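J.: Contents of my_file-v4.cif (mmCIF, C-alpha atoms):
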```cif
data_protein
loop_
_atom_site.label_atom_id
_atom_site.label_comp_id
_atom_site.auth_asym_id
_atom_site.auth_seq_id
_atom_site.Cartn_x
_atom_site.Cartn_y
_atom_site.Cartn_z
CA MET Y 1 4.82 -26.29 2.59
CA SER Y 2 2.90 -25.32 -0.54
CA GLY Y 3 4.23 -23.81 -3.75
CA ILE Y 4 3.35 -20.28 -2.76
CA ASN Y 5 5.37 -20.65 0.44
CA VAL Y 6 8.39 -21.74 -1.57
CA ARG Y 7 8.09 -18.63 -3.72
CA LEU Y 8 7.70 -16.43 -0.66
CA ALA Y 9 10.70 -17.95 1.07
CA ALA Y 10 12.79 -17.47 -2.05
CA GLY Y 11 11.93 -13.79 -2.27
CA ALA Y 12 12.36 -10.70 -0.21
CA GLY Y 13 9.79 -11.76 2.38
CA VAL Y 14 11.86 -14.27 4.34
CA LEU Y 15 11.80 -12.18 7.52
CA ALA Y 16 8.08 -11.67 7.25
CA LEU Y 17 7.57 -15.41 6.83
CA VAL Y 18 9.44 -16.10 10.02
CA ALA Y 19 7.53 -13.43 11.92
CA ALA Y 20 4.04 -13.99 10.63
CA GLY Y 21 3.87 -17.48 9.19
CA ALA Y 22 5.88 -19.77 11.46
CA ALA Y 23 2.83 -20.85 13.40
CA GLY Y 24 1.11 -21.91 10.21
CA CYS Y 25 3.74 -24.39 8.97
CA GLY Y 26 2.57 -27.34 11.02
CA GLY Y 27 0.42 -29.88 9.18
CA ARG Y 28 -0.77 -29.77 5.60
CA GLN Y 29 -1.39 -26.32 4.15
CA ASP Y 30 -3.12 -25.72 0.82
CA THR Y 31 -3.16 -22.67 -1.36
CA ALA Y 32 -6.52 -20.94 -1.64
CA ALA Y 33 -8.95 -22.64 -4.00
CA THR Y 34 -10.35 -21.13 -7.17
CA ASP Y 35 -13.87 -19.78 -6.90
CA ASN Y 36 -16.60 -21.74 -8.68
CA PHE Y 37 -18.75 -18.57 -8.96
CA ALA Y 38 -21.76 -20.57 -7.81
CA GLY Y 39 -23.45 -21.44 -4.57
CA GLU Y 40 -23.83 -19.57 -1.30
CA VAL Y 41 -20.90 -17.73 0.25
CA THR Y 42 -20.63 -18.94 3.86
CA CYS Y 43 -17.36 -17.28 4.94
CA LYS Y 44 -16.34 -20.66 6.39
CA VAL Y 45 -12.96 -21.98 5.26
CA GLY Y 46 -13.30 -25.76 5.13
CA LYS Y 47 -9.67 -26.85 4.84
CA ASP Y 48 -6.33 -25.66 6.16
CA THR Y 49 -5.34 -22.87 3.80
CA ARG Y 50 -2.36 -20.51 3.62
CA VAL Y 51 -2.59 -17.14 1.88
CA GLY Y 52 0.36 -14.98 0.87
CA ILE Y 53 0.01 -11.24 1.42
CA ALA Y 54 2.03 -8.78 -0.70
CA THR Y 55 2.81 -5.67 1.34
CA GLY Y 56 5.56 -3.10 0.69
CA ASN Y 57 8.87 -1.74 2.02
CA ALA Y 58 9.95 -3.08 5.41
CA THR Y 59 9.81 0.35 7.09
CA GLY Y 60 6.44 1.23 5.56
CA VAL Y 61 2.91 0.83 6.87
CA TYR Y 62 1.81 -1.83 4.36
CA TYR Y 63 4.44 -4.18 5.77
CA VAL Y 64 3.47 -3.55 9.40
CA VAL Y 65 -0.29 -3.79 8.87
CA GLY Y 66 0.10 -6.75 6.49
CA ASN Y 67 2.02 -8.71 9.09
CA ALA Y 68 -0.58 -7.84 11.71
CA LEU Y 69 -3.36 -9.05 9.40
CA ALA Y 70 -1.48 -12.27 8.70
CA GLY Y 71 -1.19 -12.84 12.43
CA GLN Y 72 -4.93 -12.39 12.99
CA LEU Y 73 -6.26 -14.75 10.33
CA SER Y 74 -5.76 -17.99 12.21
CA GLY Y 75 -7.60 -16.94 15.35
CA ALA Y 76 -10.42 -15.43 13.32
CA THR Y 77 -11.03 -18.64 11.36
CA GLY Y 78 -10.54 -21.35 13.96
CA GLY Y 79 -7.07 -22.09 12.66
CA LYS Y 80 -8.25 -22.91 9.14
CA LEU Y 81 -6.78 -19.86 7.44
CA THR Y 82 -3.24 -18.65 8.03
CA GLY Y 83 -1.26 -15.90 6.37
CA THR Y 84 2.30 -15.01 5.48
CA ALA Y 85 3.19 -11.40 4.71
CA ALA Y 86 6.12 -10.54 2.45
CA GLU Y 87 8.15 -7.39 1.87
CA THR Y 88 7.71 -6.19 -1.73
CA GLY Y 89 8.18 -3.15 -3.95
CA ALA Y 90 4.47 -2.33 -3.34
CA SER Y 91 1.51 -1.45 -5.57
CA VAL Y 92 2.44 -2.11 -9.22
CA GLN Y 93 4.67 -5.07 -8.40
CA ASN Y 94 2.08 -6.40 -5.96
CA ILE Y 95 -0.60 -6.47 -8.64
CA GLU Y 96 1.69 -8.11 -11.16
CA GLN Y 97 2.64 -10.84 -8.70
CA LEU Y 98 -0.95 -11.22 -7.49
CA VAL Y 99 -2.10 -11.92 -11.04
CA ALA Y 100 0.83 -14.31 -11.52
CA GLY Y 101 -0.34 -16.34 -8.52
CA GLN Y 102 2.63 -15.53 -6.29
CA TYR Y 103 0.36 -13.94 -3.68
CA ASP Y 104 -3.33 -14.17 -2.80
CA VAL Y 105 -3.85 -10.70 -1.28
CA ALA Y 106 -2.16 -7.43 -2.20
CA PHE Y 107 -2.04 -3.96 -0.73
CA SER Y 108 -2.32 -1.26 -3.38
CA LEU Y 109 -2.81 2.44 -3.78
CA PHE Y 110 -6.24 3.08 -5.27
CA ASP Y 111 -4.95 5.03 -8.26
CA THR Y 112 -2.72 2.09 -9.22
CA ALA Y 113 -5.59 -0.36 -8.75
CA VAL Y 114 -7.80 1.73 -11.06
CA ASN Y 115 -5.04 1.73 -13.68
CA ALA Y 116 -4.81 -2.05 -13.34
CA VAL Y 117 -8.48 -2.80 -14.00
CA GLN Y 118 -8.58 -0.27 -16.85
CA GLY Y 119 -5.32 -1.41 -18.45
CA LYS Y 120 -3.73 2.03 -18.17
CA GLY Y 121 -0.52 3.53 -16.81
CA SER Y 122 1.85 0.71 -15.88
CA PHE Y 123 -0.54 -1.94 -17.23
CA SER Y 124 -0.87 -2.72 -20.94
CA SER Y 125 -4.19 -4.56 -20.50
CA PRO Y 126 -6.94 -4.87 -17.86
CA GLN Y 127 -5.86 -7.06 -14.94
CA PRO Y 128 -8.17 -9.72 -13.42
CA VAL Y 129 -8.23 -8.27 -9.91
CA GLN Y 130 -11.02 -7.25 -7.57
CA ALA Y 131 -11.19 -5.52 -4.21
CA LEU Y 132 -11.81 -6.82 -0.72
CA ALA Y 133 -12.30 -3.29 0.60
CA ARG Y 134 -11.07 0.24 0.64
CA ILE Y 135 -8.98 0.65 3.80
CA TYR Y 136 -7.00 3.61 5.22
CA ASP Y 137 -5.59 6.55 3.26
CA ASN Y 138 -1.99 7.04 2.15
CA TYR Y 139 -0.40 10.44 2.56
CA THR Y 140 2.04 11.72 -0.04
CA GLN Y 141 5.08 12.70 1.99
CA VAL Y 142 7.66 14.81 0.15
CA VAL Y 143 10.73 15.54 2.25
CA VAL Y 144 13.90 17.46 1.36
CA ARG Y 145 17.11 18.46 3.08
CA ALA Y 146 16.63 21.89 4.63
CA ASP Y 147 19.83 23.19 2.96
CA SER Y 148 18.89 21.90 -0.51
CA GLY Y 149 17.16 25.09 -1.64
CA ILE Y 150 14.08 23.05 -2.62
CA THR Y 151 10.76 24.64 -1.66
CA SER Y 152 8.55 23.08 -4.36
CA VAL Y 153 8.55 20.06 -6.66
CA ALA Y 154 9.66 22.30 -9.53
CA ASP Y 155 12.77 23.19 -7.52
CA MET Y 156 13.89 19.54 -7.67
CA LYS Y 157 15.34 20.05 -11.14
CA GLY Y 158 18.93 18.83 -11.22
CA HIS Y 159 18.79 17.30 -7.73
CA LYS Y 160 19.14 13.73 -6.50
CA ILE Y 161 15.61 12.67 -5.65
CA SER Y 162 14.36 9.26 -4.53
CA THR Y 163 11.14 8.40 -6.36
CA GLY Y 164 10.56 5.15 -4.47
CA SER Y 165 11.02 1.49 -5.26
CA PRO Y 166 10.69 0.44 -8.91
CA LYS Y 167 7.09 -0.54 -9.72
CA SER Y 168 5.73 0.99 -6.53
CA GLY Y 169 2.72 3.22 -6.12
CA THR Y 170 5.09 5.83 -4.72
CA GLU Y 171 7.01 5.87 -8.00
CA VAL Y 172 3.77 6.33 -9.95
CA ILE Y 173 2.75 9.30 -7.80
CA ALA Y 174 6.25 10.79 -7.78
CA ASN Y 175 6.47 10.78 -11.57
CA ARG Y 176 3.02 12.28 -11.88
CA LEU Y 177 3.86 15.06 -9.41
CA LEU Y 178 7.11 15.83 -11.23
CA THR Y 179 5.25 16.00 -14.54
CA ALA Y 180 2.54 18.18 -13.00
CA ALA Y 181 5.30 20.55 -11.86
CA GLY Y 182 6.62 20.82 -15.41
CA LEU Y 183 9.56 18.46 -15.05
CA ASP Y 184 10.53 15.38 -17.05
CA PRO Y 185 11.13 12.61 -14.46
CA ALA Y 186 13.56 10.86 -16.82
CA LYS Y 187 15.71 13.92 -17.55
CA ASP Y 188 15.20 16.79 -15.12
CA ILE Y 189 16.11 15.06 -11.85
CA GLN Y 190 18.75 12.55 -10.85
CA ALA Y 191 16.22 9.86 -10.01
CA GLN Y 192 17.14 7.43 -7.26
CA ARG Y 193 14.72 4.49 -7.43
CA LEU Y 194 15.21 3.34 -3.84
CA ASP Y 195 13.13 1.67 -1.17
CA LEU Y 196 12.38 3.68 1.94
CA THR Y 197 15.16 2.21 4.07
CA LYS Y 198 17.86 3.13 1.54
CA THR Y 199 16.19 6.48 0.93
CA VAL Y 200 16.30 7.41 4.61
CA ASP Y 201 19.93 6.30 4.84
CA GLY Y 202 20.76 8.47 1.81
CA MET Y 203 19.06 11.48 3.37
CA LYS Y 204 21.00 11.00 6.60
CA ASP Y 205 24.27 10.69 4.68
CA GLY Y 206 23.56 13.73 2.51
CA ASN Y 207 23.66 11.65 -0.67
CA ILE Y 208 20.03 12.37 -1.52
CA ASP Y 209 18.44 15.82 -1.66
CA GLY Y 210 14.84 14.77 -1.24
CA PHE Y 211 12.30 12.00 -1.67
CA PHE Y 212 8.70 11.08 -2.34
CA TRP Y 213 6.88 8.57 -0.16
CA SER Y 214 3.25 7.47 -0.20
CA GLY Y 215 2.24 5.75 3.00
CA GLY Y 216 0.05 5.75 6.05
CA VAL Y 217 1.00 7.98 8.95
CA PRO Y 218 3.09 7.67 10.88
CA THR Y 219 5.48 5.76 8.61
CA GLY Y 220 8.32 4.27 10.66
CA GLY Y 221 11.09 5.22 8.25
CA VAL Y 222 9.95 8.84 8.08
CA THR Y 223 9.64 9.00 11.86
CA ASP Y 224 13.20 7.71 12.13
CA LEU Y 225 14.48 10.39 9.75
CA PHE Y 226 12.82 13.30 11.55
CA THR Y 227 13.87 11.94 14.94
CA THR Y 228 17.47 11.59 13.81
CA ALA Y 229 17.89 14.58 11.50
CA GLY Y 230 15.59 17.07 13.22
CA ASP Y 231 15.50 20.45 11.51
CA LYS Y 232 17.97 19.33 8.86
CA VAL Y 233 15.01 17.95 6.89
CA LYS Y 234 11.60 19.40 6.10
CA PHE Y 235 8.36 18.68 4.27
CA ILE Y 236 7.37 20.68 1.21
CA ASP Y 237 3.79 21.63 0.36
CA ILE Y 238 2.62 19.81 -2.79
CA SER Y 239 -1.05 20.81 -2.51
CA PRO Y 240 -0.82 23.38 -5.37
CA LEU Y 241 -0.37 20.40 -7.73
CA LEU Y 242 -3.67 18.76 -6.69
CA PRO Y 243 -5.79 20.18 -9.57
CA LYS Y 244 -3.44 18.68 -12.18
CA MET Y 245 -3.30 15.39 -10.27
CA THR Y 246 -7.08 15.07 -10.14
CA GLU Y 247 -7.17 15.50 -13.92
CA LEU Y 248 -5.22 12.23 -14.09
CA ASN Y 249 -7.18 10.34 -11.45
CA SER Y 250 -10.11 11.34 -9.24
CA ALA Y 251 -8.64 9.23 -6.41
CA TYR Y 252 -6.34 12.11 -5.42
CA GLN Y 253 -7.70 14.27 -2.61
CA ALA Y 254 -6.54 17.10 -0.35
CA GLY Y 255 -5.18 16.09 3.03
CA THR Y 256 -3.08 17.25 5.95
CA ILE Y 257 -0.25 15.66 7.90
CA ALA Y 258 -0.88 16.93 11.42
CA ARG Y 259 2.08 18.55 13.16
CA ASP Y 260 2.06 15.98 15.97
CA VAL Y 261 2.60 13.04 13.59
CA TYR Y 262 6.29 13.80 13.03
CA ARG Y 263 6.62 16.73 15.49
CA THR Y 264 6.92 19.27 12.69
CA PRO Y 265 6.63 23.02 13.31
CA ALA Y 266 3.23 23.16 11.59
CA ASP Y 267 0.63 21.01 9.82
CA VAL Y 268 1.66 19.99 6.30
CA PRO Y 269 -0.88 20.28 3.43
CA THR Y 270 -0.54 17.33 1.07
CA ILE Y 271 -2.31 14.97 -1.33
CA VAL Y 272 -3.86 11.72 -0.12
CA VAL Y 273 -5.02 8.63 -1.95
CA PRO Y 274 -6.95 5.67 -0.50
CA ASN Y 275 -5.57 2.16 -0.22
CA VAL Y 276 -7.36 -1.01 -1.24
CA LEU Y 277 -6.84 -4.68 -0.58
CA LEU Y 278 -6.90 -6.65 -3.82
CA VAL Y 279 -7.32 -10.31 -4.75
CA ARG Y 280 -7.60 -12.22 -8.00
CA GLU Y 281 -11.15 -12.21 -9.29
CA ASN Y 282 -11.26 -16.03 -9.09
CA LEU Y 283 -10.12 -16.36 -5.45
CA ASP Y 284 -12.33 -18.74 -3.46
CA ALA Y 285 -15.26 -16.65 -2.23
CA ASP Y 286 -15.25 -18.07 1.31
CA VAL Y 287 -11.56 -17.25 1.70
CA ALA Y 288 -12.16 -13.71 0.41
CA CYS Y 289 -15.08 -13.33 2.79
CA ALA Y 290 -13.09 -14.57 5.78
CA ILE Y 291 -10.18 -12.21 5.10
CA THR Y 292 -12.50 -9.22 4.67
CA ARG Y 293 -14.30 -9.93 7.92
CA THR Y 294 -10.99 -10.25 9.73
CA VAL Y 295 -9.82 -6.83 8.48
CA PHE Y 296 -12.80 -5.11 10.10
CA GLU Y 297 -13.39 -7.33 13.11
CA LYS Y 298 -9.70 -7.14 14.08
CA LYS Y 299 -9.24 -3.47 13.21
CA ASP Y 300 -8.15 -2.59 16.76
CA ALA Y 301 -5.34 -5.15 16.61
CA LEU Y 302 -4.21 -3.76 13.26
CA ALA Y 303 -4.25 -0.24 14.69
CA GLN Y 304 -2.07 -1.38 17.57
CA ALA Y 305 0.51 -2.39 14.97
CA ASN Y 306 0.28 1.04 13.30
CA PRO Y 307 -2.16 3.92 13.98
CA ALA Y 308 -2.80 4.32 10.24
CA ALA Y 309 -5.16 1.35 10.50
CA LYS Y 310 -7.51 3.48 12.59
CA GLY Y 311 -8.57 4.84 9.20
CA ILE Y 312 -10.15 1.51 8.24
CA GLU Y 313 -13.88 2.31 8.30
CA LEU Y 314 -16.91 0.30 7.23
CA SER Y 315 -18.45 3.51 5.89
CA ASN Y 316 -15.69 3.66 3.23
CA ALA Y 317 -15.25 -0.07 2.63
CA ARG Y 318 -17.41 -0.26 -0.50
CA LYS Y 319 -15.95 2.84 -2.16
CA THR Y 320 -13.81 0.93 -4.65
CA ASP Y 321 -15.51 1.70 -7.97
CA PRO Y 322 -14.35 1.17 -10.74
CA VAL Y 323 -12.52 -1.70 -9.04
CA LYS Y 324 -15.24 -4.30 -8.53
CA LEU Y 325 -15.77 -5.81 -5.09
CA HIS Y 326 -15.13 -9.56 -4.95
CA ARG Y 327 -18.34 -11.46 -4.26
CA GLY Y 328 -16.85 -12.89 -1.07
CA ALA Y 329 -16.03 -9.40 0.16
CA ASP Y 330 -19.52 -8.23 -0.76
CA LYS Y 331 -21.00 -10.95 1.47
CA ALA Y 332 -18.70 -10.03 4.37
CA LEU Y 333 -19.49 -6.33 4.13
CA LYS Y 334 -23.24 -7.01 3.99
CA ASP Y 335 -22.97 -9.14 7.13
CA LEU Y 336 -20.98 -6.38 8.85
CA GLY Y 337 -23.57 -3.76 7.95
CA ALA Y 338 -21.51 -1.73 5.48
CA SER Y 339 -23.84 0.35 3.35
#
```
Take the structure in the file and give it back as structure tokens.
T.:
Amino acid sequence: MSGINVRLAAGAGVLALVAAGAAGCGGRQDTAATDNFAGEVTCKVGKDTRVGIATGNATGVYYVVGNALAGQLSGATGGKLTGTAAETGASVQNIEQLVAGQYDVAFSLFDTAVNAVQGKGSFSSPQPVQALARIYDNYTQVVVRADSGITSVADMKGHKISTGSPKSGTEVIANRLLTAAGLDPAKDIQAQRLDLTKTVDGMKDGNIDGFFWSGGVPTGGVTDLFTTAGDKVKFIDISPLLPKMTELNSAYQAGTIARDVYRTPADVPTIVVPNVLLVRENLDADVACAITRTVFEKKDALAQANPAAKGIELSNARKTDPVKLHRGADKALKDLGAS
């Protein structure tokens, strides 16, 4: 197995490797080549190639959809391209490890991706990443214990609040929402920097008063919590903070979590942000093209893994500015008719 597979197996993605990559371990597998930035993009992968996909928390949508994508690559490319999806801390960490060569594809929140290419926020300099496509939207899901007395983000002062995994897009959004509400994330809450699985466990045990989560809907971990805890937990409305959030990044938009998603008493107003698939700017163009085509041609299979993938639309695919589309992705989207 190639160097990238060794790194994946050594990290948190061992289970994902077993689930999504076992079929790809037979025969010689090469990491994706570097683009020569010349010649025609054919979308044909000429040699057996394995790509590593950085996803997110195991109970989140990135992980589910990423594994589904990994499972579709081989059939879509005549067995030439296979994928392995790994559990990660999500957006910021994904981009860091993508640039370091530990993965070839990374899921990311759009606001984090914009920060990356502009060298802002969590990034001290512009990162050499480009987009394959804009995909589905993430919903900011802010849940508290019903007996916590919390009805707004400002009410979180002094409480134990999970802000998501370190270096995740959720953590970025959580800290921005807290700041927008007039709180200092480092001082005014008892921040619990936990992944979604540990967060849900803490809510069930009563050790955490509330949490932030940015993910597609439904998110498995959130479904589990509402199924188990029922009316002991509730969403809070964060939409009043949208104007301050859009001052920071135009990616933030108004959205609604429909009542039937988690069987809540009513629809929940919230803030949404698109997701993008990222690659290094020098990834082989034919590999980038093949992956992009697979995302859209196998959308139904991805949506079977999680309904959030129904939000993957060709009409939105090119809406990644200021994150530049990779030239391989541009070719794939032209062929698919994306305007």
J.: Evaluated on this file, the PyMOL selection byres ((chain Y and resi 261) around 10) picks out some residues - which ones are they, written as a list in words?
T.: Val217, Pro218, Thr219, Thr223, Ile257, Ala258, Arg259, Asp260, Tyr262, Arg263, Thr264 and Asp267 of chain Y
J.: What is the distance, in Å and to one decimal place, between atom CA of Y:Phe211 and atom CA of Y:Thr199?
T.: 7.2 Å
J.: Excluding stretch 167-176 of chain Y and residues on its chain fewer than 3 positions from it, collect all residues at most 8 Å away from it, counting all atoms listed in the file, and give them as a PyMOL selection string.
T.: chain Y and resi 89-93+108-109+112+163-164+179-180+185+193+212-214+245
J.: Can you tell me, as a list in words, what residues are no more than 12 Å from Y:Lys187 when counting only C-alpha atoms, ignoring any on the same chain fewer than 2 positions away?
T.: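 Contacts, in chain order: Met156, Lys157, Gly158, His159, Lys160, Ile161, Asn175, Leu178, Thr179, Gly182, Leu183, Asp184, Pro185, Ile189, Gln190 and Ala191 of chain Y.
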J.: Expressed in Å to a single decimal, how great is the separation between atom CA of Y:Asn282 and atom CA of Y:Ala303?
T.: 29.4 Å
J.: Y:Leu196, Y:Ala68, Y:Ala229, Y:Leu98: which is nearest Y:Gln304, counting only C-alpha atoms?
T.: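 Closest to Y:Gln304, using only C-alpha atoms: Y:Ala68.
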J.: I'd like to see the residues matched by the PyMOL selection byres ((chain Y and resi 53) around 7) on this file, and ideally I'd get them as a list in words.
T.: Val51, Gly52, Ala54, Thr55, Gly66, Gly83, Thr84, Ala85, Ala86, Tyr103, Asp104, Val105 and Ala106 of chain Y
J.: Name every residue that the PyMOL selection byres ((chain Y and resi 207) around 12) selects in this structure, writing the answer as a PyMOL selection string with chains first and numbers rising.
T.: chain Y and resi 144-145+148+159-162+190+192+198-206+208-211
J.: Hey, can you check how far atom CA of Y:Thr320 sits from atom CA of Y:Thr49?
T.: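 Value for the atom CA of Y:Thr320-atom CA of Y:Thr49 distance: 26.6 Å.
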J.: With only C-alpha atoms as the counted atoms, please give the residues lying no more than 9 Å from stretch 113-120 of chain Y, apart from itself and same-chain residues fewer than 4 positions off, as a list of chain:residue names.
T.: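 Returned residues: Y:Ser91, Y:Val92, Y:Ile95, Y:Ser108, Y:Leu109, Y:Ser124, Y:Ser125, Y:Pro126, Y:Gln127, Y:Pro128, Y:Val129, Y:Gln130, Y:Ala131, Y:Asn249, Y:Ala251, Y:Asn275, Y:Val276, Y:Leu278, Y:Thr320, Y:Asp321, Y:Pro322, Y:Val323, Y:Lys324.
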J.: Skipping near chain neighbours, those fewer than 2 positions away, what residues fall within 8 Å of Y:Ser239 using all atoms listed in the file, listed as an MDAnalysis selection string?
T.: chainID Y and resid 237 241:242 254 269:271
J.: So, counting only C-alpha atoms, which residue among Y:Val279, Y:Ala309, Y:Ala285, Y:Ile291 is closest to Y:Glu96?
T.: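 So, comparing all the options, the nearest one is Y:Val279.
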J.: Looking at Y:Thr294, Y:Gln141, Y:Thr256, Y:Ser315, which one is nearest to Y:Gly71, with distances taken over all atoms listed in the file?
T.: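 Between Y:Thr294, Y:Gln141, Y:Thr256, Y:Ser315, the residue approaching Y:Gly71 most closely is Y:Thr294.
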J.: Which residue is closest to Y:Asp224? Choose from Y:Thr197, Y:Asn57, Y:Ala33, Y:Glu247 and count only C-alpha atoms.
T.: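 Once distances to Y:Asp224 are computed over only C-alpha atoms, the minimum belongs to Y:Thr197.
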